[in-house]
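A.B. asks: Input file: model_28.txt. Contents: compact mmCIF, C-alpha atoms.
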# COMPACT_ATOMS: atom_id res chain seq x y z
CA GLY A 1 24.22 -16.67 100.90
CA LEU A 2 22.02 -13.78 99.87
CA SER A 3 18.68 -14.45 98.25
CA ARG A 4 18.10 -12.98 94.77
CA SER A 5 15.05 -11.31 96.18
CA SER A 6 17.06 -9.33 98.73
CA PRO A 7 17.26 -5.55 98.21
CA SER A 8 21.07 -5.50 98.07
CA LEU A 9 21.24 -8.23 95.40
CA ALA A 10 18.55 -6.57 93.32
CA ALA A 11 20.45 -3.29 93.47
CA ALA A 12 23.63 -5.07 92.39
CA PHE A 13 21.87 -6.60 89.38
CA SER A 14 20.36 -3.23 88.47
CA LEU A 15 23.77 -1.55 88.69
CA ARG A 16 25.33 -4.20 86.47
CA GLN A 17 22.55 -3.87 83.93
CA TYR A 18 22.95 -0.10 83.97
CA SER A 19 26.72 -0.42 83.43
CA LEU A 20 26.19 -2.81 80.53
CA GLU A 21 23.71 -0.47 78.91
CA LYS A 22 26.10 2.47 79.35
CA LYS A 23 29.01 0.29 78.19
CA ARG A 24 30.92 0.99 81.40
CA ILE A 25 31.98 -2.68 81.57
CA ALA A 26 32.69 -5.21 78.83
CA PRO A 27 30.08 -7.93 78.30
CA GLU A 28 31.03 -11.48 79.13
CA LYS A 29 32.27 -13.62 76.23
CA THR A 30 30.30 -16.73 75.48
CA ALA A 31 31.87 -19.89 74.19
CA SER A 32 31.41 -20.33 70.41
CA VAL A 33 31.60 -23.44 68.24
CA PRO A 34 35.02 -23.57 66.59
CA SER A 35 34.86 -23.16 62.77
CA PHE A 36 37.25 -24.78 60.34
CA THR A 37 37.57 -25.18 56.59
CA LEU A 38 37.95 -28.59 55.04
CA GLU A 39 40.44 -28.76 52.19
CA GLU A 40 41.41 -31.30 49.54
CA ILE A 41 44.17 -32.69 51.76
CA ASP A 42 41.56 -33.50 54.39
CA ARG A 43 39.53 -35.47 51.82
CA LEU A 44 42.67 -37.41 50.92
CA GLY A 45 43.21 -38.30 54.61
CA GLY A 46 46.22 -36.09 55.20
CA ASN A 47 44.81 -34.70 58.46
CA GLY A 48 43.29 -37.78 60.00
CA ARG A 49 40.42 -40.14 59.47
CA TRP A 50 37.82 -37.96 61.13
CA ARG A 51 38.60 -34.94 58.98
CA GLN A 52 38.68 -37.21 55.95
CA ARG A 53 35.14 -38.43 56.64
CA ARG A 54 33.97 -34.88 57.23
CA ALA A 55 35.71 -33.75 54.05
CA GLU A 56 34.11 -36.55 52.02
CA GLU A 57 30.68 -35.76 53.41
CA ASP A 58 31.25 -32.08 52.77
CA PHE A 59 32.46 -32.83 49.23
CA LYS A 60 29.41 -35.01 48.51
CA GLN A 61 27.12 -32.35 49.91
CA LYS A 62 28.78 -29.71 47.79
CA GLN A 63 28.43 -31.95 44.74
CA ILE A 64 24.74 -32.40 45.47
CA GLU A 65 24.33 -28.66 45.98
CA GLU A 66 26.29 -27.91 42.80
CA ILE A 67 24.18 -30.36 40.81
CA GLU A 68 21.03 -28.82 42.22
CA ARG A 69 22.34 -25.33 41.53
CA MET A 70 23.20 -26.28 37.95
CA ARG A 71 19.79 -27.91 37.54
CA GLN A 72 18.06 -24.81 38.82
CA GLN A 73 20.27 -22.60 36.66
CA LYS A 74 19.46 -24.74 33.64
CA THR A 75 15.76 -24.57 34.48
CA ILE A 76 15.99 -20.80 34.80
CA GLU A 77 17.88 -20.49 31.51
CA GLU A 78 15.41 -22.79 29.75
CA ALA A 79 12.54 -20.74 31.15
CA LYS A 80 14.24 -17.54 29.99
CA LEU A 81 14.88 -19.03 26.55
CA LYS A 82 11.30 -20.26 26.33
CA ARG A 83 10.01 -16.87 27.40
CA LYS A 84 12.29 -15.17 24.88
CA LYS A 85 11.05 -17.44 22.09
CA GLU A 86 7.45 -16.82 23.11
CA LEU A 87 8.02 -13.06 23.08
CA GLU A 88 9.77 -13.29 19.70
CA ALA A 89 6.93 -15.41 18.30
CA LYS A 90 4.38 -13.00 19.72
CA ARG A 91 6.26 -10.04 18.28
CA ARG A 92 6.58 -11.80 14.93
CA ARG A 93 2.84 -12.54 14.87
CA GLN A 94 2.16 -8.95 15.80
CA LEU A 95 4.40 -7.67 13.01
CA GLU A 96 2.80 -10.08 10.54
CA GLU A 97 -0.66 -8.93 11.61
CA GLU A 98 0.36 -5.28 11.28
CA GLU A 99 1.83 -5.99 7.84
CA ARG A 100 -1.34 -7.85 6.83
CA GLN A 101 -3.46 -4.92 7.95
CA ARG A 102 -1.24 -2.45 6.10
CA ARG A 103 -1.37 -4.62 2.98
CA ALA A 104 -5.15 -4.89 3.24
CA GLU A 105 -5.38 -1.12 3.69
CA ARG A 106 -3.17 -0.53 0.65
CA GLU A 107 -5.24 -2.95 -1.42
CA LYS A 108 -8.43 -1.23 -0.29
CA GLU A 109 -7.03 2.18 -1.20
CA GLN A 110 -5.88 0.79 -4.55
CA ARG A 111 -9.34 -0.62 -5.29
CA GLU A 112 -11.03 2.62 -4.29
CA ARG A 113 -8.59 4.62 -6.44
CA GLU A 114 -9.17 2.32 -9.42
CA GLU A 115 -12.93 2.55 -8.92
CA ARG A 116 -12.73 6.35 -8.84
CA GLU A 117 -10.54 6.37 -11.94
CA GLU A 118 -12.90 3.98 -13.75
CA GLU A 119 -15.90 6.08 -12.76
CA GLN A 120 -14.10 9.21 -13.96
CA ARG A 121 -13.15 7.48 -17.21
CA GLN A 122 -16.75 6.37 -17.83
CA HIS A 123 -17.99 9.87 -17.04
CA GLU A 124 -15.51 11.38 -19.48
CA GLU A 125 -16.48 8.79 -22.11
CA ARG A 126 -20.19 9.57 -21.69
CA GLU A 127 -19.41 13.27 -21.88
CA ARG A 128 -17.35 12.75 -25.04
CA ILE A 129 -20.14 10.75 -26.69
CA ARG A 130 -22.69 13.39 -25.70
CA LYS A 131 -20.60 16.19 -27.17
CA GLU A 132 -19.97 14.24 -30.36
CA GLU A 133 -23.70 13.61 -30.71
CA GLU A 134 -24.44 17.28 -30.15
CA GLU A 135 -21.77 18.15 -32.71
CA ARG A 136 -23.30 15.78 -35.27
CA GLU A 137 -26.77 17.18 -34.65
CA TRP A 138 -25.47 20.74 -34.99
CA LEU A 139 -23.65 19.91 -38.21
CA ALA A 140 -26.76 18.19 -39.55
CA ARG A 141 -28.72 21.42 -39.07
CA GLN A 142 -26.13 23.56 -40.86
CA PRO A 143 -26.45 24.48 -44.57
CA LYS A 144 -24.45 22.16 -46.76
CA THR A 145 -22.08 23.45 -49.42
CA CYS A 146 -22.73 22.11 -52.91
CA THR A 147 -19.92 19.82 -53.88
CA THR A 148 -20.53 20.57 -57.58
CA CYS A 149 -20.37 24.36 -57.55
CA SER A 150 -18.48 24.70 -54.24
CA GLY A 151 -21.21 26.99 -52.91
CA SER A 152 -20.99 29.55 -55.74
CA GLY A 153 -24.56 28.86 -56.93
CA SER A 154 -23.49 28.86 -60.56
CA CYS A 155 -23.71 25.85 -62.85
CA VAL A 156 -20.26 24.64 -63.70
CA THR A 157 -21.42 23.42 -67.11
CA CYS A 158 -22.82 26.70 -68.44
CA GLU A 159 -21.03 28.94 -65.89
CA GLY A 160 -24.39 30.21 -64.63
CA LYS A 161 -25.61 31.44 -68.03
CA GLY A 162 -28.42 28.91 -68.37
CA HIS A 163 -27.51 28.09 -71.94
CA MET A 164 -24.66 26.76 -73.98
CA PHE A 165 -23.77 26.14 -77.61
CA ALA A 166 -24.00 22.78 -79.31
CA MET A 167 -22.68 21.69 -82.70
CA PHE A 168 -25.10 20.11 -85.19
CA LEU A 169 -23.64 18.51 -88.30
CA VAL A 170 -25.35 17.68 -91.62
CA HIS A 171 -24.12 15.72 -94.62
CA ALA A 172 -24.60 18.64 -97.01
CA VAL A 173 -25.03 22.39 -96.64
CA GLN A 174 -27.70 24.06 -98.79
CA LYS A 175 -27.02 27.63 -99.76
CA ALA A 176 -30.70 28.47 -99.84
CA ASN A 177 -31.03 27.93 -96.12
CA VAL A 178 -27.90 29.76 -95.03
CA ASN A 179 -29.85 32.39 -93.07
CA ASN A 180 -32.22 29.86 -91.48
CA VAL A 181 -29.95 27.08 -90.42
CA ASP A 182 -30.72 24.23 -88.07
CA TYR A 183 -27.22 22.98 -88.05
CA GLY A 184 -23.81 24.19 -87.07
CA ARG A 185 -23.09 25.94 -83.73
CA VAL A 186 -26.52 26.46 -82.15
CA LEU A 187 -27.52 27.91 -78.75
CA GLN A 188 -29.07 25.29 -76.44
CA GLY A 189 -30.56 25.25 -72.93
CA CYS A 190 -28.34 23.74 -70.15
CA ASP A 191 -29.64 20.39 -68.97
CA ASP A 192 -27.45 20.49 -65.84
CA CYS A 193 -29.10 23.58 -64.33
CA GLY A 194 -32.72 22.95 -65.34
CA GLY A 195 -32.76 24.02 -69.00
CA ASP A 196 -33.83 21.94 -72.00
CA ARG A 197 -32.15 21.37 -75.27
CA HIS A 198 -33.75 22.83 -78.42
CA ASN A 199 -36.13 20.57 -80.33
CA VAL A 200 -36.71 18.51 -77.18
CA MET A 201 -39.52 20.55 -75.59
CA GLY A 202 -39.93 23.35 -78.10
CA ASP A 203 -38.38 26.79 -77.96
CA LEU A 204 -35.21 27.54 -76.07
CA LYS A 205 -35.68 27.86 -72.32
CA LYS A 206 -33.35 29.18 -69.78
Here is a file; write its structure as structure tokens.
C.D. replies:
Amino acid sequence: GLSRSSPSLAAAFSLRQYSLEKKRIAPEKTASVPSFTLEEIDRLGGNGRWRQRRAEEDFKQKQIEEIERMRQQKTIEEAKLKRKKELEAKRRRQLEEEERQRRAEREKEQREREEREEEQRQHEERERIRKEEEEREWLARQPKTCTTCSGSGSCVTCEGKGHMFAMFLVHAVQKANVNNVDYGRVLQGCDDCGGDRHNVMGDLKK
């Protein structure tokens, strides 16, 4: 036979490779492992003992895989639930912290507002007291109206005349002294406005 190293054989191999690359000829089919699907009837022995054993092994393997899949799924779901709870707890703590800060800020603003109002109230009170004191001092320096004469300057007893009449009574009237009487209706000085009554300090004074 021809050696593989001969020029004619090498050319034949090159031509075949070229034809395969250009798809001029169909590639050779290789033998493949036959595939089959095991069903419930196989597990029950309806298609022979060998297929029954294979079906049982396949069923057990699928059970193991299903259990493992369910375990992994449960683990994933538990991890998701745990993560969700952690996020919710974190969000809740964050909201509580934000609410606490807002409450503290409101309380601070309330205290500052109350302090400003109290300071304003004290300032107004001091100002009121100062004005009242100034008013009292001003009134104290003003001329006062006489409560007796209501500022008229006239004595209310003698109506500003400085004298008034008084009645002197005696037990008997002597006709000889009719023109020089010391009794009856006699003019007197007003005691209320600085005058003196007759016969107290001498002659009549106004």
A.B. asks: Pick out the residues sitting within 9 Å of Val156 (chain A), and hand them over as a list of chain:residue names; count all atoms listed in the file, and ignore anything fewer than 5 positions along from it in its own chain.
C.D. replies: A:Thr148, A:Cys149, A:Asp192, A:Cys193
A.B. asks: For CA of Met167 (chain A) and CA of Arg185 (chain A), determine how far apart the two atoms are, in Å to one decimal place.
C.D. replies: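 Those two atoms sit 4.4 Å apart.
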A.B. asks: Can you tell me how far CA of Gly160 (chain A) sits from CA of Gln188 (chain A), in Å to one decimal?
C.D. replies: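 For CA of Gly160 (chain A) relative to CA of Gln188 (chain A), the distance reads 13.6 Å.
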A.B. asks: Any idea what the distance is between CA of Glu107 (chain A) and CA of Glu119 (chain A)?
C.D. replies: 18.0 Å
